[in-house]
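final28.pdb (PDB, C-alpha atoms) appears below.
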ATOM      1  CA  MET G  11      29.048  -8.228  10.324
ATOM      2  CA  THR G  12      26.742  -6.804   7.636
ATOM      3  CA  GLY G  13      26.149 -10.211   6.106
ATOM      4  CA  ASP G  14      25.006 -11.644   9.429
ATOM      5  CA  ALA G  15      22.680  -8.722  10.022
ATOM      6  CA  ALA G  16      21.219  -9.164   6.555
ATOM      7  CA  THR G  17      20.801 -12.876   7.165
ATOM      8  CA  VAL G  18      19.032 -12.290  10.476
ATOM      9  CA  ALA G  19      16.792  -9.674   8.880
ATOM     10  CA  THR G  20      15.959 -12.045   6.037
ATOM     11  CA  ALA G  21      15.229 -14.869   8.489
ATOM     12  CA  ASN G  22      13.005 -12.609  10.616
ATOM     13  CA  HIS G  23      11.176 -11.387   7.580
ATOM     14  CA  GLU G  24      10.674 -14.957   6.364
ATOM     15  CA  ALA G  25       9.482 -16.144   9.768
ATOM     16  CA  GLN G  26       6.982 -13.301   9.914
ATOM     17  CA  ALA G  27       5.785 -14.046   6.384
ATOM     18  CA  ALA G  28       5.419 -17.751   7.235
ATOM     19  CA  ALA G  29       3.469 -16.921  10.400
ATOM     20  CA  ASP G  30       1.191 -14.553   8.481
ATOM     21  CA  ARG G  31       0.542 -17.160   5.853
ATOM     22  CA  LEU G  32      -0.232 -19.784   8.475
ATOM     23  CA  GLY G  33      -2.658 -17.435  10.170
ATOM     24  CA  THR G  34      -4.407 -16.763   6.887
ATOM     25  CA  LEU G  35      -4.439 -20.473   6.084
ATOM     26  CA  PHE G  36      -5.971 -21.266   9.450
ATOM     27  CA  ASP G  37      -8.621 -18.532   9.203
ATOM     28  CA  ALA G  38      -9.630 -19.674   5.740
ATOM     29  CA  HIS G  39      -9.876 -23.414   6.319
ATOM     30  CA  HIS G  40     -10.230 -24.281  10.010
ATOM     31  CA  GLN G  41     -14.036 -24.401  10.068
ATOM     32  CA  ARG G  42     -14.382 -26.657   7.062
ATOM     33  CA  LEU G  43     -11.551 -28.827   8.340
ATOM     34  CA  TYR G  44     -13.091 -29.087  11.798
ATOM     35  CA  ARG G  45     -16.434 -30.175  10.342
ATOM     36  CA  LEU G  46     -14.703 -32.879   8.307
ATOM     37  CA  ALA G  47     -12.556 -33.923  11.268
ATOM     38  CA  ARG G  48     -15.618 -34.158  13.487
ATOM     39  CA  ARG G  49     -17.357 -36.388  10.988
ATOM     40  CA  LEU G  50     -14.281 -38.562  10.626
ATOM     41  CA  SER G  51     -13.526 -38.896  14.328
ATOM     42  CA  GLY G  52     -15.333 -40.214  17.360
ATOM     43  CA  SER G  53     -15.374 -37.062  19.486
ATOM     44  CA  ALA G  54     -15.039 -33.292  19.417
ATOM     45  CA  ASP G  55     -11.759 -33.521  21.326
ATOM     46  CA  GLU G  56     -10.286 -35.870  18.763
ATOM     47  CA  ALA G  57     -11.512 -33.590  15.973
ATOM     48  CA  ARG G  58      -9.826 -30.576  17.590
ATOM     49  CA  ASP G  59      -6.575 -32.515  17.929
ATOM     50  CA  LEU G  60      -6.782 -33.604  14.309
ATOM     51  CA  VAL G  61      -7.305 -30.059  13.064
ATOM     52  CA  GLN G  62      -4.453 -28.745  15.176
ATOM     53  CA  ASP G  63      -2.109 -31.521  14.057
ATOM     54  CA  THR G  64      -3.009 -30.857  10.440
ATOM     55  CA  PHE G  65      -2.114 -27.177  10.702
ATOM     56  CA  LEU G  66       0.994 -27.978  12.734
ATOM     57  CA  ARG G  67       2.160 -30.148   9.878
ATOM     58  CA  ALA G  68       1.665 -27.171   7.589
ATOM     59  CA  ALA G  69       3.594 -24.999  10.057
ATOM     60  CA  ARG G  70       6.533 -27.396  10.112
ATOM     61  CA  ALA G  71       6.698 -27.717   6.330
ATOM     62  CA  PRO G  72       5.330 -24.452   4.943
ATOM     63  CA  ALA G  73       7.044 -24.964   1.601
ATOM     64  CA  SER G  74       5.021 -28.115   0.958
ATOM     65  CA  VAL G  75       1.686 -26.300   1.204
ATOM     66  CA  PRO G  76       0.573 -25.334  -2.304
ATOM     67  CA  THR G  77      -0.759 -21.881  -3.076
ATOM     68  CA  GLY G  78      -4.354 -21.125  -3.999
ATOM     69  CA  PRO G  79      -7.456 -21.734  -1.865
ATOM     70  CA  SER G  80      -8.581 -24.995  -3.462
ATOM     71  CA  ALA G  81      -5.066 -26.450  -3.609
ATOM     72  CA  GLU G  82      -4.474 -25.473   0.021
ATOM     73  CA  GLU G  83      -7.744 -27.035   1.084
ATOM     74  CA  ALA G  84      -7.045 -30.228  -0.841
ATOM     75  CA  TRP G  85      -3.594 -30.471   0.774
ATOM     76  CA  LEU G  86      -5.014 -29.932   4.255
ATOM     77  CA  VAL G  87      -7.814 -32.466   3.717
ATOM     78  CA  ARG G  88      -5.305 -35.073   2.558
ATOM     79  CA  VAL G  89      -3.097 -34.451   5.578
ATOM     80  CA  LEU G  90      -6.147 -34.709   7.833
ATOM     81  CA  ILE G  91      -7.161 -38.034   6.312
ATOM     82  CA  ASN G  92      -3.610 -39.358   6.662
ATOM     83  CA  LEU G  93      -3.593 -38.329  10.313
ATOM     84  CA  CYS G  94      -6.944 -40.099  10.762
ATOM     85  CA  ARG G  95      -5.423 -43.222   9.266
ATOM     86  CA  ASP G  96      -2.422 -43.033  11.593
ATOM     87  CA  ARG G  97      -4.678 -42.631  14.620
ATOM     88  CA  ARG G  98      -6.933 -45.427  13.513
ATOM     89  CA  ARG G  99      -3.928 -47.700  13.103
ATOM     90  CA  GLN G 100      -2.655 -46.777  16.570
ATOM     91  CA  THR G 101      -6.110 -47.300  18.098
ATOM     92  CA  ALA G 102      -6.447 -50.671  16.380
ATOM     93  CA  ASN G 103      -3.068 -51.755  17.748
ATOM     94  CA  ARG G 104      -3.995 -50.584  21.239
ATOM     95  CA  GLU G 105      -7.350 -52.346  21.105
ATOM     96  CA  ARG G 106      -5.694 -55.525  19.903
ATOM     97  CA  LEU G 107      -3.314 -55.318  22.843
ATOM     98  CA  ASP G 108      -6.174 -54.614  25.256
ATOM     99  CA  ARG G 109      -8.171 -57.561  23.927
ATOM    100  CA  SER G 110      -5.198 -59.857  24.336
ATOM    101  CA  THR G 111      -4.602 -58.760  27.939
ATOM    102  CA  ALA G 112      -8.188 -58.154  29.149
ATOM    103  CA  PRO G 113     -10.197 -61.018  30.638
ATOM    104  CA  ALA G 114     -12.678 -62.562  28.206
ATOM    105  CA  GLY G 115     -16.401 -61.939  28.452
ATOM    106  CA  ILE G 116     -16.227 -58.240  29.355
ATOM    107  CA  GLU G 117     -18.060 -55.999  26.908
ATOM    108  CA  ALA G 118     -18.775 -52.318  26.861
ATOM    109  CA  PRO G 119     -22.135 -51.489  28.363
ATOM    110  CA  ASP G 120     -24.886 -50.912  25.815
ATOM    111  CA  PRO G 121     -25.883 -47.286  25.391
ATOM    112  CA  GLU G 122     -29.539 -46.370  25.330
ATOM    113  CA  ALA G 123     -31.520 -48.009  22.600
ATOM    114  CA  ALA G 124     -32.681 -44.735  21.064
ATOM    115  CA  PHE G 125     -29.160 -43.447  20.827
ATOM    116  CA  VAL G 126     -27.998 -46.711  19.306
ATOM    117  CA  ALA G 127     -30.765 -46.600  16.735
ATOM    118  CA  ARG G 128     -29.867 -43.058  15.744
ATOM    119  CA  SER G 129     -26.147 -43.542  15.665
ATOM    120  CA  VAL G 130     -26.059 -47.026  14.168
ATOM    121  CA  VAL G 131     -25.063 -45.669  10.781
ATOM    122  CA  TRP G 132     -22.325 -43.538  12.337
ATOM    123  CA  THR G 133     -21.054 -46.498  14.276
ATOM    124  CA  ALA G 134     -20.885 -48.380  11.008
ATOM    125  CA  LEU G 135     -19.197 -45.420   9.345
ATOM    126  CA  ALA G 136     -16.501 -45.473  12.014
ATOM    127  CA  THR G 137     -15.496 -48.955  10.903
ATOM    128  CA  LEU G 138     -14.593 -47.763   7.412
ATOM    129  CA  ASP G 139     -11.109 -46.817   6.278
ATOM    130  CA  PRO G 140     -10.627 -43.027   6.772
ATOM    131  CA  ARG G 141     -10.273 -42.344   3.071
ATOM    132  CA  ARG G 142     -13.469 -44.215   2.232
ATOM    133  CA  ARG G 143     -15.185 -42.555   5.131
ATOM    134  CA  ALA G 144     -14.032 -39.152   3.879
ATOM    135  CA  VAL G 145     -15.404 -39.934   0.423
ATOM    136  CA  LEU G 146     -18.794 -40.837   1.895
ATOM    137  CA  VAL G 147     -18.878 -37.815   4.188
ATOM    138  CA  MET G 148     -17.835 -35.368   1.484
ATOM    139  CA  HIS G 149     -20.253 -36.749  -1.081
ATOM    140  CA  GLU G 150     -23.248 -37.744   1.030
ATOM    141  CA  LEU G 151     -23.121 -35.139   3.792
ATOM    142  CA  GLU G 152     -21.297 -32.174   2.354
ATOM    143  CA  GLY G 153     -22.943 -32.688  -1.023
ATOM    144  CA  LEU G 154     -19.734 -32.362  -3.034
ATOM    145  CA  PRO G 155     -19.923 -33.782  -6.555
ATOM    146  CA  ILE G 156     -17.726 -36.756  -7.365
ATOM    147  CA  ASP G 157     -15.300 -34.664  -9.435
ATOM    148  CA  ALA G 158     -14.772 -32.229  -6.566
ATOM    149  CA  VAL G 159     -14.156 -35.078  -4.113
ATOM    150  CA  ALA G 160     -11.641 -36.572  -6.544
ATOM    151  CA  ARG G 161      -9.821 -33.257  -6.928
ATOM    152  CA  THR G 162      -9.687 -32.699  -3.185
ATOM    153  CA  LEU G 163      -8.359 -36.145  -2.426
ATOM    154  CA  GLY G 164      -6.022 -36.228  -5.416
ATOM    155  CA  VAL G 165      -7.553 -39.374  -6.887
ATOM    156  CA  THR G 166      -9.564 -40.137 -10.022
ATOM    157  CA  ALA G 167     -13.342 -39.948 -10.223
ATOM    158  CA  VAL G 168     -13.392 -43.701 -10.865
ATOM    159  CA  THR G 169     -11.616 -44.270  -7.541
ATOM    160  CA  VAL G 170     -14.129 -42.054  -5.762
ATOM    161  CA  ARG G 171     -17.052 -43.985  -7.314
ATOM    162  CA  TRP G 172     -15.415 -47.244  -6.291
ATOM    163  CA  HIS G 173     -14.971 -46.023  -2.701
ATOM    164  CA  LEU G 174     -18.588 -44.816  -2.645
ATOM    165  CA  SER G 175     -19.900 -48.114  -3.895
ATOM    166  CA  LYS G 176     -17.776 -50.195  -1.528
ATOM    167  CA  GLY G 177     -18.493 -47.855   1.380
ATOM    168  CA  ARG G 178     -22.253 -47.985   0.850
ATOM    169  CA  ARG G 179     -22.138 -51.756   0.679
ATOM    170  CA  GLN G 180     -20.010 -51.964   3.822
ATOM    171  CA  LEU G 181     -22.364 -49.597   5.629
ATOM    172  CA  ALA G 182     -25.412 -51.562   4.536
ATOM    173  CA  ALA G 183     -23.811 -54.793   5.700
ATOM    174  CA  ALA G 184     -22.835 -53.265   9.040
ATOM    175  CA  ILE G 185     -26.314 -51.820   9.528
ATOM    176  CA  ARG G 186     -27.936 -55.150   8.695
ATOM    177  CA  GLY G 187     -25.624 -56.784  11.190
ATOM    178  CA  GLU G 188     -26.555 -54.256  13.884
ATOM    179  CA  GLY G 189     -30.249 -54.445  12.984
ATOM    180  CA  GLY G 190     -30.253 -58.196  13.277
ATOM    181  CA  LYS G 191     -29.330 -57.996  16.928
ATOM    182  CA  PRO G 192     -32.218 -58.383  19.358
TER
ATOM    183  CA  MET S  12     -29.144 -44.200  -1.214
ATOM    184  CA  ASN S  13     -31.319 -41.340   0.009
ATOM    185  CA  GLU S  14     -32.042 -43.448   3.053
ATOM    186  CA  LEU S  15     -28.341 -43.721   3.830
ATOM    187  CA  ARG S  16     -27.960 -39.967   3.389
ATOM    188  CA  ASP S  17     -30.886 -39.361   5.747
ATOM    189  CA  TRP S  18     -29.439 -41.684   8.353
ATOM    190  CA  LEU S  19     -26.110 -39.936   8.085
ATOM    191  CA  ARG S  20     -27.754 -36.531   8.481
ATOM    192  CA  ASP S  21     -29.789 -37.707  11.460
ATOM    193  CA  GLY S  22     -26.705 -38.715  13.365
ATOM    194  CA  ASP S  23     -24.427 -35.954  12.065
ATOM    195  CA  PRO S  24     -22.396 -34.683  15.056
ATOM    196  CA  VAL S  25     -21.734 -31.383  13.276
ATOM    197  CA  ALA S  26     -25.478 -30.651  13.237
ATOM    198  CA  SER S  27     -26.048 -31.604  16.849
ATOM    199  CA  GLU S  28     -22.898 -30.187  18.475
ATOM    200  CA  PRO S  29     -21.686 -26.581  18.773
ATOM    201  CA  PRO S  30     -18.958 -25.515  16.356
ATOM    202  CA  LEU S  31     -15.375 -24.884  17.406
ATOM    203  CA  SER S  32     -15.482 -22.359  20.239
ATOM    204  CA  GLU S  33     -13.775 -18.990  19.924
ATOM    205  CA  MET S  34     -11.399 -19.874  22.745
ATOM    206  CA  ASP S  35     -10.383 -23.139  21.080
ATOM    207  CA  ARG S  36      -9.983 -21.340  17.792
ATOM    208  CA  ARG S  37      -7.698 -18.683  19.286
ATOM    209  CA  ARG S  38      -5.634 -21.203  21.243
ATOM    210  CA  MET S  39      -5.179 -23.381  18.183
ATOM    211  CA  ARG S  40      -4.309 -20.448  15.942
ATOM    212  CA  GLN S  41      -1.761 -19.140  18.428
ATOM    213  CA  ALA S  42      -0.086 -22.545  18.733
ATOM    214  CA  ILE S  43       0.155 -22.928  14.973
ATOM    215  CA  VAL S  44       1.449 -19.411  14.316
ATOM    216  CA  THR S  45       4.044 -19.792  17.086
ATOM    217  CA  VAL S  46       5.359 -22.997  15.546
ATOM    218  CA  GLY S  47       5.445 -21.278  12.148
ATOM    219  CA  GLU S  48       7.459 -18.356  13.541
ATOM    220  CA  THR S  49      10.035 -20.540  15.247
ATOM    221  CA  GLN S  50      10.392 -22.840  12.277
ATOM    222  CA  GLN S  51      13.492 -22.025  10.226
ATOM    223  CA  SER S  52      12.792 -21.717   6.553
ATOM    224  CA  PRO S  53      15.014 -23.682   4.144
ATOM    225  CA  PHE S  54      15.991 -20.413   2.441
ATOM    226  CA  ALA S  55      17.181 -18.857   5.704
ATOM    227  CA  ASP S  56      19.134 -22.035   6.468
ATOM    228  CA  TRP S  57      20.676 -21.921   3.037
ATOM    229  CA  VAL S  58      21.636 -18.248   3.377
ATOM    230  CA  ARG S  59      23.142 -18.849   6.813
ATOM    231  CA  GLY S  60      24.963 -21.960   5.584
ATOM    232  CA  SER S  61      26.345 -20.219   2.498
ATOM    233  CA  TRP S  62      27.724 -17.367   4.622
ATOM    234  CA  GLY S  63      29.514 -19.894   6.806
ATOM    235  CA  VAL S  64      30.940 -21.771   3.840
ATOM    236  CA  ALA S  65      32.053 -18.530   2.162
ATOM    237  CA  THR S  66      33.820 -17.414   5.343
ATOM    238  CA  VAL S  67      35.667 -20.721   5.698
ATOM    239  CA  VAL S  68      36.695 -20.763   2.005
ATOM    240  CA  ILE S  69      38.004 -17.190   2.113
ATOM    241  CA  GLY S  70      39.904 -17.877   5.347
ATOM    242  CA  LEU S  71      41.507 -21.016   3.926
ATOM    243  CA  THR S  72      42.445 -19.220   0.720
ATOM    244  CA  ILE S  73      44.154 -16.421   2.648
ATOM    245  CA  ALA S  74      45.981 -18.903   4.903
ATOM    246  CA  VAL S  75      47.216 -21.041   1.996
ATOM    247  CA  GLY S  76      48.187 -17.995  -0.067
ATOM    248  CA  THR S  77      50.137 -16.460   2.813
ATOM    249  CA  THR S  78      51.976 -19.729   3.512
ATOM    250  CA  ARG S  79      52.956 -20.190  -0.102
ATOM    251  CA  TRP S  80      54.018 -16.558  -0.437
ATOM    252  CA  PHE S  81      56.489 -16.757   2.420
ATOM    253  CA  THR S  82      57.715 -20.285   1.727
ATOM    254  CA  PRO S  83      60.333 -20.749  -1.034
ATOM    255  CA  GLY S  84      59.528 -23.134  -3.854
ATOM    256  CA  PRO S  85      60.633 -26.781  -3.725
ATOM    257  CA  ASP S  86      63.565 -26.334  -6.169
ATOM    258  CA  VAL S  87      65.056 -23.426  -4.245
ATOM    259  CA  ARG S  88      64.529 -25.159  -0.939
ATOM    260  CA  GLN S  89      66.272 -28.289  -2.154
ATOM    261  CA  ALA S  90      69.109 -26.223  -3.580
ATOM    262  CA  HIS S  91      69.793 -24.884  -0.114
ATOM    263  CA  VAL S  92      69.748 -28.254   1.524
ATOM    264  CA  ASP S  93      73.261 -29.053   2.429
ATOM    265  CA  ALA S  94      72.573 -32.262   4.251
ATOM    266  CA  PRO S  95      73.280 -35.398   2.250
ATOM    267  CA  SER S  96      70.216 -37.173   0.973
ATOM    268  CA  VAL S  97      71.587 -40.555   1.918
ATOM    269  CA  ALA S  98      73.369 -41.535   5.070
ATOM    270  CA  VAL S  99      76.975 -40.954   4.382
ATOM    271  CA  PRO S 100      79.758 -41.506   6.889
ATOM    272  CA  GLU S 101      81.422 -38.380   8.286
ATOM    273  CA  HIS S 102      84.798 -39.044   6.753
ATOM    274  CA  VAL S 103      83.399 -39.059   3.247
ATOM    275  CA  THR S 104      83.145 -35.514   2.039
ATOM    276  CA  ARG S 105      80.844 -36.150  -0.902
ATOM    277  CA  ARG S 106      77.856 -33.885  -1.033
ATOM    278  CA  GLN S 107      74.989 -33.755  -3.414
ATOM    279  CA  VAL S 108      72.293 -31.313  -4.390
ATOM    280  CA  GLN S 109      69.089 -32.362  -6.060
ATOM    281  CA  LEU S 110      67.123 -30.026  -8.257
ATOM    282  CA  ILE S 111      63.669 -30.894  -9.478
ATOM    283  CA  ALA S 112      62.330 -28.978 -12.437
ATOM    284  CA  PRO S 113      58.565 -28.256 -12.597
ATOM    285  CA  GLY S 114      58.204 -30.858 -15.369
ATOM    286  CA  GLY S 115      59.558 -33.538 -13.080
ATOM    287  CA  THR S 116      63.111 -33.679 -14.411
ATOM    288  CA  ARG S 117      65.563 -34.318 -11.588
ATOM    289  CA  VAL S 118      69.145 -33.043 -11.674
ATOM    290  CA  ILE S 119      71.607 -34.390  -9.115
ATOM    291  CA  TRP S 120      74.919 -32.681  -8.534
ATOM    292  CA  ILE S 121      77.480 -34.643  -6.565
ATOM    293  CA  PHE S 122      80.385 -32.687  -5.110
ATOM    294  CA  ASN S 123      83.577 -34.597  -4.839
ATOM    295  CA  ALA S 124      86.038 -33.040  -2.395
ATOM    296  CA  ASP S 125      88.848 -35.245  -3.686
ATOM    297  CA  PHE S 126      88.418 -33.977  -7.186
ATOM    298  CA  LYS S 127      91.535 -32.273  -8.466
ATOM    299  CA  PRO S 128      91.372 -30.813 -11.929
TER
END
Output the file's structure in the form of structure tokens.
Amino acid sequence: MTGDAATVATANHEAQAAADRLGTLFDAHHQRLYRLARRLSGSADEARDLVQDTFLRAARAPASVPTGPSAEEAWLVRVLINLCRDRRRQTANRERLDRSTAPAGIEAPDPEAAFVARSVVWTALATLDPRRRAVLVMHELEGLPIDAVARTLGVTAVTVRWHLSKGRRQLAAAIRGEGGKP
Amino acid sequence: MNELRDWLRDGDPVASEPPLSEMDRRRMRQAIVTVGETQQSPFADWVRGSWGVATVVIGLTIAVGTTRWFTPGPDVRQAHVDAPSVAVPEHVTRRQVQLIAPGGTRVIWIFNADFKP
């Protein structure tokens, strides 16, 4: 039937167009997204998974990805942060379960003191909520101005300032807590 | 806050680790593009769905039209009914025919075999 052939041709054409767009999207944003994912996650493996999951979400819902480089990037960053939140929630649940089932008194072995000293701030950063952590990373490490962070995350500049202030205070408190240990 | 920034930069994993390798990049890209290709777009679904619906509607229209074309209307059909509408004993020879006009008016003719003018 001619209609069926036309439908198949349209579907093929659309699938090819969607694949091309995804490829372009990936080429344009994967490096920046990986850097952010690495700074938001505990390991390179986790960062790779996060980046892949972010783009897979775009692949499954291509219509929801806005057009334009900055809008695309903002959408991807938000998805990445949401995925970080989901993972953090899952990890927290798992750890809670492990704590409730593991025998008391067992602690992770201390890493080397030099490494601890260098990574104390990153350890503290890992305790923050992913969105707050993203605000700190984007502003403090990537050097993005507050307005740009707000645009990327889809929040107001006031919210970004609030997250920065709270995040810095939380980090300082965590660092003081770590520093106080013998 | 410069101190915090310095601490963050000192421990920045992006600065101390290699970037995403070419192999990882290719593997990831391939996986994403493959999912994108196999994913049906809403437009394609809609087009396919509308073709199906159109086919069913046309088929039903033809079937209903054909049935009505070859079936006599209700008034004619009832006019040809020679069976009594109510159970009447065999020995009674009364027959009736009901006609229903399109407006709903019902005409009942009762034939009386004993009638002698």
(request) Select, from S:Gly22, S:Gly76, S:Gly47, S:Pro113, the residue with the minimum atom-to-atom distance to Pro72 of chain G, counting only C-alpha atoms. (result)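 Ranked by minimum distance to Pro72 of chain G, first place goes to S:Gly47.
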(request) Using all atoms listed in the file, find the one residue out of G:Leu154, G:Arg95, G:His173, G:Ala47 that sits nearest to Asp59 of chain G. (result) G:Ala47
(request) Can you work out which one of G:Thr64, G:Ser80, G:Asn92, G:Thr133 has the shortest atom-to-atom distance to Val159 of chain G, counting all atoms listed in the file? (result) G:Ser80
Restrict the distance test to all atoms listed in the file, flag each residue of chain G within 9 Å of chain S, and return the flagged residues as a PDB file with C-alpha atoms, in the frame of the given file.
ATOM      1  CA  GLY G  13      26.149 -10.211   6.106  1.00  0.00           C
ATOM      2  CA  ASP G  14      25.006 -11.644   9.429  1.00  0.00           C
ATOM      3  CA  THR G  17      20.801 -12.876   7.165  1.00  0.00           C
ATOM      4  CA  VAL G  18      19.032 -12.290  10.476  1.00  0.00           C
ATOM      5  CA  THR G  20      15.959 -12.045   6.037  1.00  0.00           C
ATOM      6  CA  ALA G  21      15.229 -14.869   8.489  1.00  0.00           C
ATOM      7  CA  ASN G  22      13.005 -12.609  10.616  1.00  0.00           C
ATOM      8  CA  GLU G  24      10.674 -14.957   6.364  1.00  0.00           C
ATOM      9  CA  ALA G  25       9.482 -16.144   9.768  1.00  0.00           C
ATOM     10  CA  GLN G  26       6.982 -13.301   9.914  1.00  0.00           C
ATOM     11  CA  ALA G  27       5.785 -14.046   6.384  1.00  0.00           C
ATOM     12  CA  ALA G  28       5.419 -17.751   7.235  1.00  0.00           C
ATOM     13  CA  ALA G  29       3.469 -16.921  10.400  1.00  0.00           C
ATOM     14  CA  ASP G  30       1.191 -14.553   8.481  1.00  0.00           C
ATOM     15  CA  ARG G  31       0.542 -17.160   5.853  1.00  0.00           C
ATOM     16  CA  LEU G  32      -0.232 -19.784   8.475  1.00  0.00           C
ATOM     17  CA  GLY G  33      -2.658 -17.435  10.170  1.00  0.00           C
ATOM     18  CA  PHE G  36      -5.971 -21.266   9.450  1.00  0.00           C
ATOM     19  CA  ASP G  37      -8.621 -18.532   9.203  1.00  0.00           C
ATOM     20  CA  HIS G  40     -10.230 -24.281  10.010  1.00  0.00           C
ATOM     21  CA  GLN G  41     -14.036 -24.401  10.068  1.00  0.00           C
ATOM     22  CA  TYR G  44     -13.091 -29.087  11.798  1.00  0.00           C
ATOM     23  CA  ARG G  45     -16.434 -30.175  10.342  1.00  0.00           C
ATOM     24  CA  LEU G  46     -14.703 -32.879   8.307  1.00  0.00           C
ATOM     25  CA  ARG G  48     -15.618 -34.158  13.487  1.00  0.00           C
ATOM     26  CA  ARG G  49     -17.357 -36.388  10.988  1.00  0.00           C
ATOM     27  CA  SER G  53     -15.374 -37.062  19.486  1.00  0.00           C
ATOM     28  CA  ALA G  54     -15.039 -33.292  19.417  1.00  0.00           C
ATOM     29  CA  ARG G  58      -9.826 -30.576  17.590  1.00  0.00           C
ATOM     30  CA  VAL G  61      -7.305 -30.059  13.064  1.00  0.00           C
ATOM     31  CA  GLN G  62      -4.453 -28.745  15.176  1.00  0.00           C
ATOM     32  CA  ASP G  63      -2.109 -31.521  14.057  1.00  0.00           C
ATOM     33  CA  PHE G  65      -2.114 -27.177  10.702  1.00  0.00           C
ATOM     34  CA  LEU G  66       0.994 -27.978  12.734  1.00  0.00           C
ATOM     35  CA  ALA G  68       1.665 -27.171   7.589  1.00  0.00           C
ATOM     36  CA  ALA G  69       3.594 -24.999  10.057  1.00  0.00           C
ATOM     37  CA  ARG G  70       6.533 -27.396  10.112  1.00  0.00           C
ATOM     38  CA  ALA G  71       6.698 -27.717   6.330  1.00  0.00           C
ATOM     39  CA  PRO G  72       5.330 -24.452   4.943  1.00  0.00           C
ATOM     40  CA  ALA G  73       7.044 -24.964   1.601  1.00  0.00           C
ATOM     41  CA  ARG G 128     -29.867 -43.058  15.744  1.00  0.00           C
ATOM     42  CA  SER G 129     -26.147 -43.542  15.665  1.00  0.00           C
ATOM     43  CA  VAL G 130     -26.059 -47.026  14.168  1.00  0.00           C
ATOM     44  CA  VAL G 131     -25.063 -45.669  10.781  1.00  0.00           C
ATOM     45  CA  TRP G 132     -22.325 -43.538  12.337  1.00  0.00           C
ATOM     46  CA  LEU G 135     -19.197 -45.420   9.345  1.00  0.00           C
ATOM     47  CA  VAL G 147     -18.878 -37.815   4.188  1.00  0.00           C
ATOM     48  CA  GLU G 150     -23.248 -37.744   1.030  1.00  0.00           C
ATOM     49  CA  LEU G 151     -23.121 -35.139   3.792  1.00  0.00           C
ATOM     50  CA  ARG G 178     -22.253 -47.985   0.850  1.00  0.00           C
ATOM     51  CA  LEU G 181     -22.364 -49.597   5.629  1.00  0.00           C
ATOM     52  CA  ALA G 182     -25.412 -51.562   4.536  1.00  0.00           C
TER      53      ALA G 182
END
(message) Suppose a student applies the PyMOL selection byres ((chain S and resi 118) around 12) to this structure; what residues should they get, written as a list of chain:residue names?
(response)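 Selection result, ordered by chain and number: S:Asp86, S:Gln89, S:Ala90, S:Gln107, S:Val108, S:Gln109, S:Leu110, S:Ile111, S:Ala112, S:Pro113, S:Gly114, S:Gly115, S:Thr116, S:Arg117, S:Ile119, S:Trp120, S:Ile121.
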(request) Could you please determine the separation between atom CA of Leu60 of chain G and atom CA of Leu90 of chain G in Å, to one decimal place? (result)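 Distance between the two atoms: 6.6 Å.
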(message) Between atom CA of Gln180 of chain G and atom CA of Asp55 of chain G, what distance in Å does the model show, to one decimal?
(response) 26.7 Å
(request) Tell me which residues the PyMOL selection byres ((chain G and resi 86) around 9) grabs here, as a list in words. (result) His39, Leu43, Thr64, Phe65, Ala68, Val75, Ala81, Glu82, Glu83, Ala84, Trp85, Val87, Arg88, Val89, Leu90 and Ile91 of chain G
Could you turn the residues from that selection into a file that holds C-alpha atoms, as a PDB file, keeping the file's coordinate frame?
ATOM      1  CA  HIS G  39      -9.876 -23.414   6.319  1.00  0.00           C
ATOM      2  CA  LEU G  43     -11.551 -28.827   8.340  1.00  0.00           C
ATOM      3  CA  THR G  64      -3.009 -30.857  10.440  1.00  0.00           C
ATOM      4  CA  PHE G  65      -2.114 -27.177  10.702  1.00  0.00           C
ATOM      5  CA  ALA G  68       1.665 -27.171   7.589  1.00  0.00           C
ATOM      6  CA  VAL G  75       1.686 -26.300   1.204  1.00  0.00           C
ATOM      7  CA  ALA G  81      -5.066 -26.450  -3.609  1.00  0.00           C
ATOM      8  CA  GLU G  82      -4.474 -25.473   0.021  1.00  0.00           C
ATOM      9  CA  GLU G  83      -7.744 -27.035   1.084  1.00  0.00           C
ATOM     10  CA  ALA G  84      -7.045 -30.228  -0.841  1.00  0.00           C
ATOM     11  CA  TRP G  85      -3.594 -30.471   0.774  1.00  0.00           C
ATOM     12  CA  VAL G  87      -7.814 -32.466   3.717  1.00  0.00           C
ATOM     13  CA  ARG G  88      -5.305 -35.073   2.558  1.00  0.00           C
ATOM     14  CA  VAL G  89      -3.097 -34.451   5.578  1.00  0.00           C
ATOM     15  CA  LEU G  90      -6.147 -34.709   7.833  1.00  0.00           C
ATOM     16  CA  ILE G  91      -7.161 -38.034   6.312  1.00  0.00           C
TER      17      ILE G  91
END
(request) Given the file shown, determine the residues that the PyMOL selection byres ((chain G and resi 143) around 10) selects; report them as a ChimeraX atom specification. (result) /G:49-50,91,135-142,144-149,173-174,177-178
(message) I need the residue nearest Pro76 of chain G from this list: G:Lys176, G:Val165, G:Leu35, G:Ala134. Use only C-alpha atoms for the distance.
(response)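 Nearest candidate to Pro76 of chain G out of G:Lys176, G:Val165, G:Leu35, G:Ala134: G:Leu35.
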(message) Please compute the atom CA of Arg104 of chain G-atom CA of Ala57 of chain G distance, one decimal, in Å.
(response)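 The value is 19.3 Å.
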Find the axis-aligned box for segment 31-50 of chain S, covering all its listed atoms and adding 6 Å on each side, and write its centre and edge lengths in Å to one decimal as lines of an AutoDock Vina configuration file.
center_x = -2.5
center_y = -21.6
center_z = 17.4
size_x = 37.9
size_y = 18.5
size_z = 22.6
